[in-house]
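Structure data (compact mmCIF, C-alpha atoms) from data_5.txt:
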# COMPACT_ATOMS: atom_id res chain seq x y z
CA MET A 1 -51.00 -124.10 -31.84
CA HIS A 2 -54.37 -123.77 -30.06
CA SER A 3 -56.25 -122.62 -33.15
CA ASP A 4 -59.15 -124.82 -34.27
CA LEU A 5 -57.40 -124.92 -37.62
CA MET A 6 -55.23 -127.69 -36.12
CA LYS A 7 -58.38 -129.83 -35.70
CA VAL A 8 -59.59 -129.44 -39.27
CA ARG A 9 -56.28 -129.30 -41.13
CA ARG A 10 -54.76 -132.73 -40.61
CA ASP A 11 -51.89 -131.85 -42.95
CA LEU A 12 -50.50 -129.29 -40.50
CA LYS A 13 -47.70 -130.73 -38.38
CA THR A 14 -45.66 -129.57 -35.42
CA VAL A 15 -41.93 -129.86 -34.86
CA CYS A 16 -39.59 -129.19 -32.00
CA ASP A 17 -37.14 -126.41 -32.82
CA PRO A 18 -33.78 -128.09 -32.08
CA TYR A 19 -32.26 -124.75 -31.04
CA SER A 20 -34.87 -123.37 -28.60
CA GLY A 21 -36.72 -126.58 -27.72
CA ASN A 22 -40.05 -124.87 -28.50
CA GLU A 23 -42.83 -126.65 -30.38
CA TYR A 24 -43.91 -124.90 -33.61
CA VAL A 25 -46.52 -125.46 -36.34
CA VAL A 26 -44.96 -126.05 -39.75
CA VAL A 27 -46.58 -126.03 -43.19
CA LEU A 28 -45.26 -127.22 -46.52
CA PRO A 29 -44.17 -124.45 -48.89
CA ILE A 30 -46.53 -123.63 -51.74
CA MET A 31 -44.87 -124.30 -55.09
CA PRO A 32 -47.30 -123.36 -57.88
CA ASP A 33 -46.67 -124.93 -61.28
CA VAL A 34 -47.49 -121.58 -62.88
CA ALA A 35 -47.89 -118.10 -61.40
CA ILE A 36 -49.51 -115.30 -63.40
CA ILE A 37 -48.78 -111.85 -62.04
CA HIS A 38 -49.79 -108.41 -63.25
CA ALA A 39 -47.15 -105.70 -63.45
CA ALA A 40 -46.97 -102.04 -64.32
CA LYS A 41 -43.84 -102.14 -66.49
CA GLY A 42 -41.77 -104.83 -68.12
CA SER A 43 -39.13 -105.27 -70.80
CA ARG A 44 -38.40 -107.82 -73.50
CA SER A 45 -35.50 -109.02 -71.33
CA GLY A 46 -38.04 -110.18 -68.75
CA GLU A 47 -37.61 -107.85 -65.79
CA ILE A 48 -40.70 -106.12 -64.35
CA THR A 49 -41.86 -103.68 -61.69
CA THR A 50 -44.88 -104.56 -59.64
CA ASP A 51 -46.96 -103.34 -56.71
CA ALA A 52 -45.07 -103.93 -53.45
CA ASN A 53 -48.22 -104.82 -51.49
CA ARG A 54 -48.88 -107.95 -53.51
CA ASN A 55 -45.82 -110.10 -52.80
CA ASP A 56 -45.53 -110.83 -56.50
CA ARG A 57 -41.78 -111.32 -56.33
CA LEU A 58 -42.19 -114.00 -53.69
CA LEU A 59 -44.81 -115.65 -55.88
CA ALA A 60 -42.54 -115.49 -58.93
CA MET A 61 -39.67 -117.01 -56.97
CA ALA A 62 -41.86 -119.81 -55.59
CA ALA A 63 -43.50 -120.89 -58.85
CA LYS A 64 -41.94 -123.27 -61.34
CA LYS A 65 -42.97 -120.95 -64.19
CA THR A 66 -44.05 -117.32 -63.97
CA ILE A 67 -45.94 -115.33 -66.58
CA ALA A 68 -45.94 -111.56 -66.10
CA VAL A 69 -48.73 -109.56 -67.74
CA VAL A 70 -47.59 -105.95 -68.12
CA GLU A 71 -49.34 -102.64 -68.74
CA GLU A 72 -46.40 -101.16 -70.60
CA LEU A 73 -43.36 -102.52 -72.44
CA VAL A 74 -40.23 -100.37 -71.95
CA GLU A 75 -36.46 -100.64 -72.42
CA PRO A 76 -34.62 -102.68 -69.73
CA GLU A 77 -32.94 -99.58 -68.25
CA ASP A 78 -36.37 -97.97 -67.80
CA VAL A 79 -37.72 -100.81 -65.68
CA LEU A 80 -37.29 -98.90 -62.43
CA PRO A 81 -39.58 -99.36 -59.43
CA GLY A 82 -41.56 -96.31 -58.34
CA ARG A 83 -42.88 -95.64 -54.83
CA GLN A 84 -44.76 -98.71 -53.54
CA GLU A 85 -43.25 -100.84 -56.28
CA VAL A 86 -40.62 -103.58 -56.32
CA PHE A 87 -38.30 -104.75 -59.07
CA VAL A 88 -38.41 -108.40 -60.10
CA ALA A 89 -35.32 -109.64 -61.99
CA SER A 90 -35.71 -111.54 -65.26
CA VAL A 91 -34.29 -114.74 -63.75
CA HIS A 92 -37.63 -115.16 -61.97
CA ILE A 93 -39.82 -114.48 -65.03
CA ASP A 94 -40.39 -117.00 -67.85
CA ALA A 95 -42.67 -114.95 -70.12
CA VAL A 96 -43.85 -111.37 -70.46
CA VAL A 97 -47.26 -110.67 -71.99
CA MET A 98 -48.12 -107.12 -73.02
CA ALA A 99 -51.78 -106.47 -72.16
CA PRO A 100 -52.75 -102.96 -70.99
CA GLY A 101 -55.87 -103.21 -68.86
CA GLY A 102 -55.01 -106.86 -68.21
CA ALA A 103 -55.92 -106.63 -64.52
CA HIS A 104 -59.52 -105.55 -65.27
CA PRO A 105 -61.95 -105.74 -63.47
CA THR A 106 -59.48 -105.53 -60.58
CA ALA A 107 -57.09 -102.63 -60.18
CA CYS A 108 -53.55 -101.96 -61.35
CA PRO A 109 -52.48 -99.59 -58.54
CA GLY A 110 -51.46 -96.16 -59.75
CA ILE A 111 -52.81 -96.81 -63.26
CA TYR A 112 -56.49 -97.70 -62.89
CA GLU A 113 -58.93 -98.48 -60.12
CA THR A 114 -61.11 -101.51 -59.53
CA ASP A 115 -64.18 -101.49 -61.80
CA ALA A 116 -66.69 -101.91 -58.96
CA ALA A 117 -69.72 -101.70 -61.25
CA HIS A 118 -68.41 -104.57 -63.36
CA ILE A 119 -67.70 -106.71 -60.31
CA ARG A 120 -71.24 -106.05 -59.03
CA GLU A 121 -72.57 -107.11 -62.43
CA TYR A 122 -70.54 -110.32 -62.19
CA VAL A 123 -71.75 -111.06 -58.64
CA VAL A 124 -75.39 -110.71 -59.75
CA ALA A 125 -74.81 -112.74 -62.93
CA SER A 126 -73.06 -115.59 -61.10
CA LYS A 127 -76.01 -116.27 -58.82
CA ASP A 128 -77.47 -118.79 -61.28
CA GLU A 129 -76.19 -120.94 -64.15
CA GLN A 130 -78.08 -119.01 -66.81
CA GLY A 131 -76.80 -115.62 -65.70
CA PHE A 132 -73.26 -116.94 -65.41
CA ALA A 133 -73.42 -118.46 -68.91
CA ALA A 134 -74.69 -115.15 -70.30
CA TYR A 135 -71.87 -113.26 -68.56
CA MET A 136 -69.27 -115.66 -69.95
CA GLU A 137 -70.64 -115.32 -73.46
CA LYS A 138 -70.81 -111.53 -73.35
CA TYR A 139 -67.39 -110.83 -71.81
CA ILE A 140 -65.16 -113.93 -72.07
CA PHE A 141 -66.10 -116.05 -75.11
CA GLY A 142 -67.71 -113.31 -77.21
CA PRO A 143 -64.94 -110.71 -77.64
CA GLU A 144 -62.42 -111.95 -80.22
CA ASP A 145 -59.41 -110.47 -78.42
CA HIS A 146 -58.28 -108.46 -75.41
CA ASN A 147 -58.83 -105.07 -77.07
CA ARG A 148 -62.39 -106.00 -77.95
CA TYR A 149 -62.93 -107.12 -74.33
CA LEU A 150 -61.77 -103.69 -73.12
CA GLU A 151 -64.29 -102.06 -75.48
CA VAL A 152 -67.15 -104.30 -74.35
CA VAL A 153 -66.47 -103.53 -70.66
CA ASN A 154 -66.05 -99.83 -71.51
CA PHE A 155 -62.55 -99.80 -69.98
CA ARG A 156 -61.59 -96.29 -68.85
CA GLY A 157 -57.88 -96.86 -68.10
CA ARG A 158 -55.05 -96.67 -70.55
CA LYS A 159 -55.77 -98.64 -73.69
CA HIS A 160 -53.57 -100.55 -76.09
CA VAL A 161 -52.17 -98.21 -78.74
CA MET B 162 -16.28 -113.75 -90.30
CA THR B 163 -14.96 -110.55 -88.83
CA LYS B 164 -11.28 -110.33 -87.98
CA PRO B 165 -10.30 -110.72 -84.34
CA THR B 166 -9.61 -107.42 -82.62
CA ILE B 167 -6.54 -108.98 -81.02
CA PRO B 168 -3.93 -109.79 -83.70
CA ASN B 169 -3.02 -113.39 -84.28
CA GLN B 170 -0.69 -114.57 -81.56
CA PRO B 171 -0.06 -117.89 -79.84
CA VAL B 172 -3.00 -119.19 -77.83
CA LYS B 173 -2.39 -118.44 -74.16
CA PRO B 174 -2.92 -120.97 -71.35
CA PRO B 175 -6.01 -119.15 -69.93
CA GLU B 176 -7.52 -119.11 -73.43
CA VAL B 177 -7.09 -122.89 -73.71
CA MET B 178 -8.82 -123.32 -70.34
CA ILE B 179 -11.66 -120.99 -71.35
CA GLY B 180 -12.12 -123.03 -74.54
CA ALA B 181 -12.07 -126.31 -72.62
CA ILE B 182 -14.68 -125.11 -70.10
CA SER B 183 -16.82 -123.61 -72.88
CA ARG B 184 -16.99 -126.97 -74.64
CA LEU B 185 -18.29 -128.61 -71.45
CA LEU B 186 -21.38 -126.34 -71.46
CA ARG B 187 -24.48 -127.59 -73.28
CA ASP B 188 -26.98 -125.50 -75.20
CA GLY B 189 -30.01 -124.53 -73.12
CA GLU B 190 -28.31 -124.84 -69.74
CA TRP B 191 -28.53 -122.20 -67.02
CA VAL B 192 -24.93 -121.48 -66.07
CA ALA B 193 -24.03 -119.46 -62.99
CA THR B 194 -20.59 -118.19 -61.94
CA GLY B 195 -19.71 -116.87 -58.49
CA THR B 196 -17.05 -114.52 -57.18
CA LEU B 197 -13.45 -114.63 -58.47
CA SER B 198 -14.41 -116.79 -61.44
CA PRO B 199 -13.13 -115.04 -64.58
CA LEU B 200 -12.27 -118.26 -66.46
CA PRO B 201 -15.81 -119.72 -66.13
CA ALA B 202 -17.36 -116.32 -66.88
CA ALA B 203 -15.40 -116.03 -70.14
CA ALA B 204 -16.20 -119.68 -70.96
CA ALA B 205 -19.94 -119.14 -70.47
CA LEU B 206 -19.87 -116.07 -72.73
CA LEU B 207 -17.83 -117.96 -75.34
CA ALA B 208 -20.17 -120.97 -75.30
CA LYS B 209 -23.19 -118.70 -75.81
CA MET B 210 -21.50 -117.04 -78.80
CA THR B 211 -20.47 -120.34 -80.39
CA HIS B 212 -22.11 -123.75 -79.87
CA ALA B 213 -24.69 -122.88 -77.16
CA PRO B 214 -26.75 -119.84 -78.26
CA HIS B 215 -29.58 -120.72 -75.84
CA LEU B 216 -27.35 -120.70 -72.77
CA THR B 217 -28.59 -118.56 -69.89
CA THR B 218 -25.58 -116.92 -68.24
CA LEU B 219 -25.81 -115.71 -64.65
CA ILE B 220 -22.43 -114.07 -64.16
CA TYR B 221 -21.70 -112.47 -60.80
CA GLY B 222 -20.38 -108.97 -61.49
CA ASP B 223 -21.85 -108.74 -65.00
CA PRO B 224 -23.61 -105.35 -65.34
CA ASP B 225 -26.24 -107.09 -67.48
CA PHE B 226 -26.99 -109.66 -64.75
CA ARG B 227 -29.54 -107.77 -62.69
CA LEU B 228 -31.01 -109.32 -59.55
CA SER B 229 -33.97 -107.90 -57.67
CA GLU B 230 -32.24 -107.25 -54.37
CA GLY B 231 -29.36 -109.61 -53.66
CA PHE B 232 -27.20 -112.60 -54.47
CA HIS B 233 -29.40 -114.74 -52.19
CA GLU B 234 -31.77 -115.01 -55.14
CA LEU B 235 -29.19 -117.19 -56.89
CA PHE B 236 -29.41 -119.64 -53.99
CA ALA B 237 -33.22 -119.60 -54.30
CA LEU B 238 -32.89 -120.43 -58.00
CA ALA B 239 -30.55 -123.29 -57.13
CA GLN B 240 -33.01 -124.62 -54.54
CA LYS B 241 -35.72 -124.57 -57.18
CA GLY B 242 -33.51 -126.56 -59.54
CA LYS B 243 -33.04 -123.81 -62.11
CA ILE B 244 -29.23 -123.77 -62.06
CA ASP B 245 -27.71 -126.46 -64.24
CA VAL B 246 -24.03 -125.63 -63.87
CA PHE B 247 -22.02 -123.89 -61.16
CA PHE B 248 -18.25 -123.48 -60.85
CA LEU B 249 -16.13 -124.08 -57.77
CA SER B 250 -12.43 -124.11 -57.04
CA GLY B 251 -10.33 -125.16 -54.07
CA VAL B 252 -7.00 -124.82 -52.36
CA GLN B 253 -6.92 -128.61 -52.07
CA ILE B 254 -8.77 -131.08 -54.32
CA ASP B 255 -8.67 -134.84 -53.86
CA LYS B 256 -9.43 -138.01 -55.81
CA ARG B 257 -12.96 -138.27 -54.41
CA GLY B 258 -13.74 -134.83 -55.81
CA SER B 259 -13.72 -133.09 -52.43
CA ILE B 260 -12.61 -129.48 -52.21
CA ASN B 261 -11.11 -127.55 -49.31
CA LEU B 262 -11.59 -123.80 -48.97
CA SER B 263 -11.35 -123.50 -45.17
CA MET B 264 -7.84 -124.09 -43.81
CA LEU B 265 -4.67 -126.18 -44.07
CA GLY B 266 -3.57 -128.49 -41.25
CA ASP B 267 -5.62 -129.10 -38.12
CA TYR B 268 -8.93 -127.18 -37.94
CA ASN B 269 -8.23 -125.78 -34.48
CA ARG B 270 -4.54 -124.99 -35.12
CA PRO B 271 -4.39 -124.34 -38.87
CA SER B 272 -1.12 -123.56 -40.63
CA VAL B 273 -3.08 -121.38 -43.07
CA ARG B 274 -6.55 -119.96 -42.55
CA LEU B 275 -8.42 -119.73 -45.92
CA PRO B 276 -11.46 -117.65 -46.95
CA GLY B 277 -13.97 -120.43 -46.21
CA GLY B 278 -16.45 -122.49 -48.14
CA ALA B 279 -19.10 -119.78 -48.71
CA GLY B 280 -21.97 -121.33 -50.69
CA SER B 281 -19.93 -124.25 -52.07
CA SER B 282 -21.48 -126.90 -49.82
CA MET B 283 -25.07 -125.94 -50.59
CA LEU B 284 -24.62 -125.21 -54.28
CA SER B 285 -22.73 -128.43 -54.97
CA ALA B 286 -25.78 -130.34 -53.71
CA LEU B 287 -28.40 -128.26 -55.51
CA VAL B 288 -27.06 -127.72 -59.03
CA ARG B 289 -27.03 -130.42 -61.70
CA ARG B 290 -23.36 -130.19 -62.59
CA VAL B 291 -20.38 -128.77 -60.75
CA ILE B 292 -17.30 -127.89 -62.77
CA ILE B 293 -14.14 -127.30 -60.74
CA PHE B 294 -11.54 -124.99 -62.23
CA THR B 295 -8.01 -124.31 -60.98
CA THR B 296 -5.34 -121.80 -61.93
CA SER B 297 -2.44 -124.11 -61.11
CA HIS B 298 -1.71 -127.82 -61.27
CA ASN B 299 0.63 -129.29 -58.65
CA LYS B 300 0.79 -131.81 -55.82
CA ARG B 301 -0.01 -129.24 -53.12
CA LEU B 302 -3.34 -128.64 -54.91
CA PHE B 303 -4.20 -132.17 -56.07
CA VAL B 304 -3.75 -134.16 -52.87
CA PRO B 305 -4.67 -137.74 -51.87
CA LYS B 306 -7.08 -136.41 -49.21
CA VAL B 307 -8.13 -132.83 -48.41
CA ASP B 308 -7.57 -131.50 -44.86
CA PHE B 309 -11.17 -130.28 -44.65
CA VAL B 310 -14.20 -131.05 -46.84
CA ASN B 311 -16.31 -128.04 -47.89
CA ALA B 312 -18.02 -129.80 -50.78
CA THR B 313 -17.62 -133.29 -52.11
CA ALA B 314 -18.52 -135.23 -55.22
CA ALA B 315 -18.93 -138.56 -53.44
CA ASP B 316 -21.02 -138.70 -50.30
CA ASP B 317 -23.88 -140.67 -48.77
CA ALA B 318 -26.29 -137.73 -48.77
CA PRO B 319 -29.91 -138.97 -48.92
CA TRP B 320 -30.56 -136.55 -51.78
CA ARG B 321 -28.62 -134.29 -54.06
CA ARG B 322 -29.56 -133.00 -57.48
CA GLY B 323 -26.34 -133.71 -59.33
CA GLY B 324 -22.66 -133.70 -58.61
CA LEU B 325 -19.17 -133.13 -59.88
CA SER B 326 -18.94 -133.18 -63.66
CA HIS B 327 -15.40 -132.13 -64.58
CA VAL B 328 -12.21 -130.53 -63.33
CA VAL B 329 -10.38 -128.15 -65.66
CA THR B 330 -6.76 -127.24 -64.85
CA PRO B 331 -4.06 -125.36 -66.80
CA LEU B 332 -2.84 -128.76 -68.07
CA CYS B 333 -5.86 -130.98 -68.66
CA VAL B 334 -9.52 -131.86 -68.28
CA MET B 335 -10.44 -134.47 -65.65
CA ALA B 336 -13.86 -136.11 -65.37
CA PHE B 337 -15.67 -137.50 -62.36
CA ASP B 338 -16.40 -141.20 -62.80
CA GLY B 339 -19.80 -141.60 -61.17
CA THR B 340 -19.49 -145.39 -60.91
CA LYS B 341 -16.08 -145.53 -59.29
CA LYS B 342 -16.74 -142.21 -57.51
CA GLU B 343 -13.33 -140.83 -58.35
CA ILE B 344 -11.64 -138.28 -60.58
CA ILE B 345 -10.04 -139.69 -63.73
CA LEU B 346 -8.03 -138.04 -66.50
CA GLU B 347 -10.13 -137.28 -69.58
CA SER B 348 -7.93 -135.26 -71.97
CA ILE B 349 -4.74 -133.21 -71.97
CA PHE B 350 -4.12 -129.86 -73.61
CA PRO B 351 -2.04 -129.53 -76.79
CA GLY B 352 1.69 -129.51 -76.05
CA VAL B 353 1.33 -130.87 -72.50
CA PRO B 354 3.24 -134.14 -71.91
CA LEU B 355 1.22 -136.80 -70.09
CA GLU B 356 4.11 -137.20 -67.62
CA GLU B 357 3.74 -133.56 -66.59
CA VAL B 358 0.10 -134.15 -65.62
CA VAL B 359 0.82 -137.39 -63.79
CA GLY B 360 3.91 -136.00 -62.05
CA ASN B 361 2.02 -132.97 -60.75
CA THR B 362 -1.05 -134.80 -59.47
CA GLY B 363 -0.96 -136.24 -55.97
CA PHE B 364 -3.34 -139.10 -56.69
CA ASP B 365 -3.77 -141.83 -59.29
CA LEU B 366 -5.63 -140.58 -62.36
CA ALA B 367 -6.80 -144.10 -63.34
CA ILE B 368 -5.07 -143.96 -66.72
CA GLY B 369 -4.29 -147.70 -66.80
CA GLU B 370 -4.22 -148.91 -70.38
CA ARG B 371 -6.31 -146.00 -71.65
CA SER B 372 -4.89 -143.76 -74.35
CA ILE B 373 -5.56 -140.18 -73.23
CA PRO B 374 -6.70 -137.91 -76.07
CA ILE B 375 -5.23 -134.47 -76.70
CA MET B 376 -7.93 -131.80 -76.70
CA ASN B 377 -8.57 -130.31 -80.15
CA PRO B 378 -7.00 -126.84 -80.36
CA LEU B 379 -9.34 -123.84 -80.26
CA THR B 380 -11.01 -123.31 -83.62
CA ASP B 381 -10.77 -120.08 -85.60
CA GLU B 382 -14.38 -119.35 -84.69
CA GLU B 383 -13.70 -119.82 -80.98
CA LEU B 384 -10.60 -117.61 -81.10
CA ILE B 385 -12.36 -114.86 -83.05
CA MET B 386 -15.25 -114.78 -80.57
CA LEU B 387 -12.94 -115.09 -77.55
CA ARG B 388 -10.58 -112.31 -78.61
CA GLY B 389 -13.41 -110.15 -79.95
CA PRO B 390 -16.77 -109.87 -78.16
CA VAL B 391 -15.90 -112.10 -75.17
CA GLN B 392 -12.76 -110.10 -74.49
CA GLU B 393 -14.76 -106.84 -74.71
CA ARG B 394 -17.39 -108.09 -72.24
CA MET B 395 -14.71 -109.41 -69.89
CA ARG B 396 -13.15 -105.94 -69.70
CA LEU B 397 -16.38 -104.77 -68.05
CA ILE B 398 -16.80 -107.76 -65.73
CA TYR B 399 -13.20 -108.70 -64.87
CA PRO B 400 -10.98 -105.80 -66.06
CA GLN B 401 -7.78 -106.97 -64.34
CA PHE B 402 -8.12 -110.51 -65.65
CA ALA B 403 -8.86 -109.22 -69.17
CA ALA B 404 -5.79 -106.99 -69.09
CA SER B 405 -3.60 -109.88 -67.91
CA VAL B 406 -4.70 -112.10 -70.80
CA TRP B 407 -5.30 -109.67 -73.64
CA GLY B 408 -3.20 -106.66 -72.64
CA SER B 409 -4.39 -103.26 -71.55

How would this structure read if it were set down as structure tokens?
Amino acid sequence: MHSDLMKVRRDLKTVCDPYSGNEYVVVLPIMPDVAIIHAAKGSRSGEITTDANRNDRLLAMAAKKTIAVVEELVEPEDVLPGRQEVFVASVHIDAVVMAPGGAHPTACPGIYETDAAHIREYVVASKDEQGFAAYMEKYIFGPEDHNRYLEVVNFRGRKHV
Amino acid sequence: MTKPTIPNQPVKPPEVMIGAISRLLRDGEWVATGTLSPLPAAAALLAKMTHAPHLTTLIYGDPDFRLSEGFHELFALAQKGKIDVFFLSGVQIDKRGSINLSMLGDYNRPSVRLPGGAGSSMLSALVRRVIIFTTSHNKRLFVPKVDFVNATAADDAPWRRGGLSHVVTPLCVMAFDGTKKEIILESIFPGVPLEEVVGNTGFDLAIGERSIPIMNPLTDEELIMLRGPVQERMRLIYPQFAASVWGS
């Protein structure tokens, strides 16, 4: 209530809680048109398991459409959450895309780590237009598909077989 | 076509109702059924196996219907507008399309205390079409005015996504007339006299000069699917209901 955010965010409103009489700050819910989440396992039926720390189920339930990119495609009965994972039912998922290494250069917890060297390369390249354009050509527009991208970045996690 | 696993025998009343409900479902719809709803569950399965192959069925109790953590997710889907059709029933139903699931008589001194409205009030406002089903048809059920409104078809709510679509009973199919905001008779089942429907309904069904059609009997395809794969699935989801209709 006394945060300076209230001075700069004119869209934030306050309401009186009719039960307690207290004044509270309220914000509109975020309803993305499309959410794209990365998951460890998924099936053709649409259910997935994903890292619990990322609130991906909440995101999938909030979005109008959700695309799940998965590391591994398994049978529905094998989509079981491990430690630090949650299960997301197929009713919340509109499409499953099989793309091992799809989270690169960020991490897919338990499967591969963040590629810090690649992110550093991106940070340096994005300092000017020319460097950014060269980065885009080398890694995004150049490789003809996802597998080629993984080769170009020298991906060390599990690859598409 | 494969032969039905249940030998040919007269079509039973629950099978007629399942067929009637199935025909109300449209291809591509997301159809959810709640607790104690074997007739709608069988109808959704039948529709998917016949005229509506792209139906999404969300059947409470179906081992194949896997939620992440709880039934509350179904309410979240309804809020988002993903549920097209949901099924309700009532202990009293009136001409305005209101249902009562709470109690009979005065609220504070009820003659009968009922299970309660559960999610009926919220879901009836958030889904596109509500279909009411009943397992009996008499004047204690179809009353001029319900003793307590849990969900209604006709209200002055500032916003609701849809409303009452149809009512399916053991005798007939009724429709909700959105202009007049009342339930009217749409069709009667084969072999059911019109007088039986009128005489067992406690409000006017707005028949007037209309000629009320008799619903087409279940087709061979519908019966083969119903008594074959639908019946097999229903034995997993609603074993007691399946045994009562198709034997044990």

Between CA of Gly323 (chain B) and CA of Glu383 (chain B), what is the distance, to one decimal in Å? 28.7 Å

With all atoms listed in the file as the counted atoms, please give the residues lying no more than 10 Å from Ser372 (chain B), apart from itself and same-chain residues fewer than 3 positions off, as a list in words.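 So, after excluding close chain neighbours, the residues are Glu347, Ser348, Ile368, Gly369 and Ile375 of chain B.
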
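Using only C-alpha atoms, the part of chain A that sits within 10 Å of chain B is made up of Met31, Glu47, Ile48, Thr49, Arg57, Met61, Ala62, Ala63, Lys64, Pro76, Val86, Phe87, Val88, Ala89, Ser90, Val91 and His92 of chain A.
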
Can you pull out the residues contacting region 170-175 of chain B? Cut-off 10 Å, using all atoms listed in the file, and skip same-chain residues under 4 positions away; I want them as an MDAnalysis selection string. chainID B and resid 179:181 199:200 203 296 330:332 350 378:379 384 402 405:407

Which residue, B:Pro201, B:Gly324, B:Pro224, B:Pro214, has the smallest gap to Arg394 (chain B) when you use all atoms listed in the file?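 The closest residue to Arg394 (chain B) is B:Pro224.
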
Grab the CA of Val288 (chain B) to CA of Gln240 (chain B) distance for me, in Å with one decimal place.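 So the two atoms, CA of Val288 (chain B) and CA of Gln240 (chain B), lie 8.1 Å apart.
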
Tell me, in Å to one decimal, how far CA of Gln392 (chain B) is from CA of Glu77 (chain A).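 Straight-line distance from CA of Gln392 (chain B) to CA of Glu77 (chain A) works out to 23.6 Å.
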
Any idea what's packed within 12 Å of region 18-23 of chain A, counting all atoms listed in the file, ignoring anything in its chain fewer than 5 positions away? Could you give it as a PDB file with C-alpha atoms, keeping the file's coordinate frame?
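The result, written out as part_23.pdb:
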ATOM      1  CA  MET A   1     -51.000-124.100 -31.840  1.00  0.00           C
ATOM      2  CA  HIS A   2     -54.370-123.770 -30.060  1.00  0.00           C
ATOM      3  CA  LYS A  13     -47.700-130.730 -38.380  1.00  0.00           C
TER       4      LYS A  13
END

Using all atoms listed in the file, can you tell me which of A:Glu71, A:Glu151, A:Val27, A:Ser45 comes closest to Thr14 (chain A)?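 Comparing A:Glu71, A:Glu151, A:Val27, A:Ser45 against Thr14 (chain A), the winner is A:Val27.
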
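Among the candidates B:His215, B:Arg321, B:Arg270, B:Lys300, the one nearest to Leu284 (chain B) when counting only C-alpha atoms is B:Arg321.
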
Between B:Ala315, B:Ile220, B:Val304, B:Ile292, which has the minimum distance to Tyr399 (chain B) (counting only C-alpha atoms)?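 Closest to Tyr399 (chain B) of all the choices is B:Ile220.
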
Tell me, as a tab-separated table (two decimals) with C-alpha atoms, keeping the file's coordinate frame, which residues lie within 12 Å of Ser297 (chain B), counting all atoms listed in the file; anything in the same chain fewer than 3 positions away does not count.
chain	number	residue	atom	x	y	z
B	174	PRO	CA	-2.92	-120.97	-71.35
B	175	PRO	CA	-6.01	-119.15	-69.93
B	178	MET	CA	-8.82	-123.32	-70.34
B	250	SER	CA	-12.43	-124.11	-57.04
B	251	GLY	CA	-10.33	-125.16	-54.07
B	252	VAL	CA	-7.00	-124.82	-52.36
B	253	GLN	CA	-6.92	-128.61	-52.07
B	254	ILE	CA	-8.77	-131.08	-54.32
B	294	PHE	CA	-11.54	-124.99	-62.23
B	300	LYS	CA	0.79	-131.81	-55.82
B	301	ARG	CA	-0.01	-129.24	-53.12
B	302	LEU	CA	-3.34	-128.64	-54.91
B	303	PHE	CA	-4.20	-132.17	-56.07
B	328	VAL	CA	-12.21	-130.53	-63.33
B	329	VAL	CA	-10.38	-128.15	-65.66
B	330	THR	CA	-6.76	-127.24	-64.85
B	331	PRO	CA	-4.06	-125.36	-66.80
B	332	LEU	CA	-2.84	-128.76	-68.07
B	333	CYS	CA	-5.86	-130.98	-68.66
B	358	VAL	CA	0.10	-134.15	-65.62
B	361	ASN	CA	2.02	-132.97	-60.75
B	362	THR	CA	-1.05	-134.80	-59.47

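Shortest atom-to-atom contact with Arg54 (chain A) among A:Cys108, A:Val34, A:Ala116, A:Val15: A:Cys108, counting only C-alpha atoms.
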
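You can rank A:Pro109, A:Pro29, A:Pro143, A:Gly101 by their closest distance to Asn53 (chain A) using only C-alpha atoms, and at the top of that list sits A:Pro109.
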
Which residues are close to Gly42 (chain A), i.e. within 9 Å by all atoms listed in the file, leaving aside same-chain residues fewer than 4 positions away? Reply as a CSV table (one decimal) with C-alpha atoms, keeping the file's coordinate frame.
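Output contents, as saved in selection.csv:
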chain,number,residue,atom,x,y,z
A,46,GLY,CA,-38.0,-110.2,-68.8
A,47,GLU,CA,-37.6,-107.8,-65.8
A,48,ILE,CA,-40.7,-106.1,-64.4
A,49,THR,CA,-41.9,-103.7,-61.7
A,68,ALA,CA,-45.9,-111.6,-66.1
A,69,VAL,CA,-48.7,-109.6,-67.7
A,70,VAL,CA,-47.6,-106.0,-68.1
A,71,GLU,CA,-49.3,-102.6,-68.7
A,72,GLU,CA,-46.4,-101.2,-70.6
A,73,LEU,CA,-43.4,-102.5,-72.4
A,74,VAL,CA,-40.2,-100.4,-72.0
A,75,GLU,CA,-36.5,-100.6,-72.4
A,76,PRO,CA,-34.6,-102.7,-69.7
A,78,ASP,CA,-36.4,-98.0,-67.8
A,79,VAL,CA,-37.7,-100.8,-65.7
A,96,VAL,CA,-43.8,-111.4,-70.5
A,97,VAL,CA,-47.3,-110.7,-72.0
A,98,MET,CA,-48.1,-107.1,-73.0
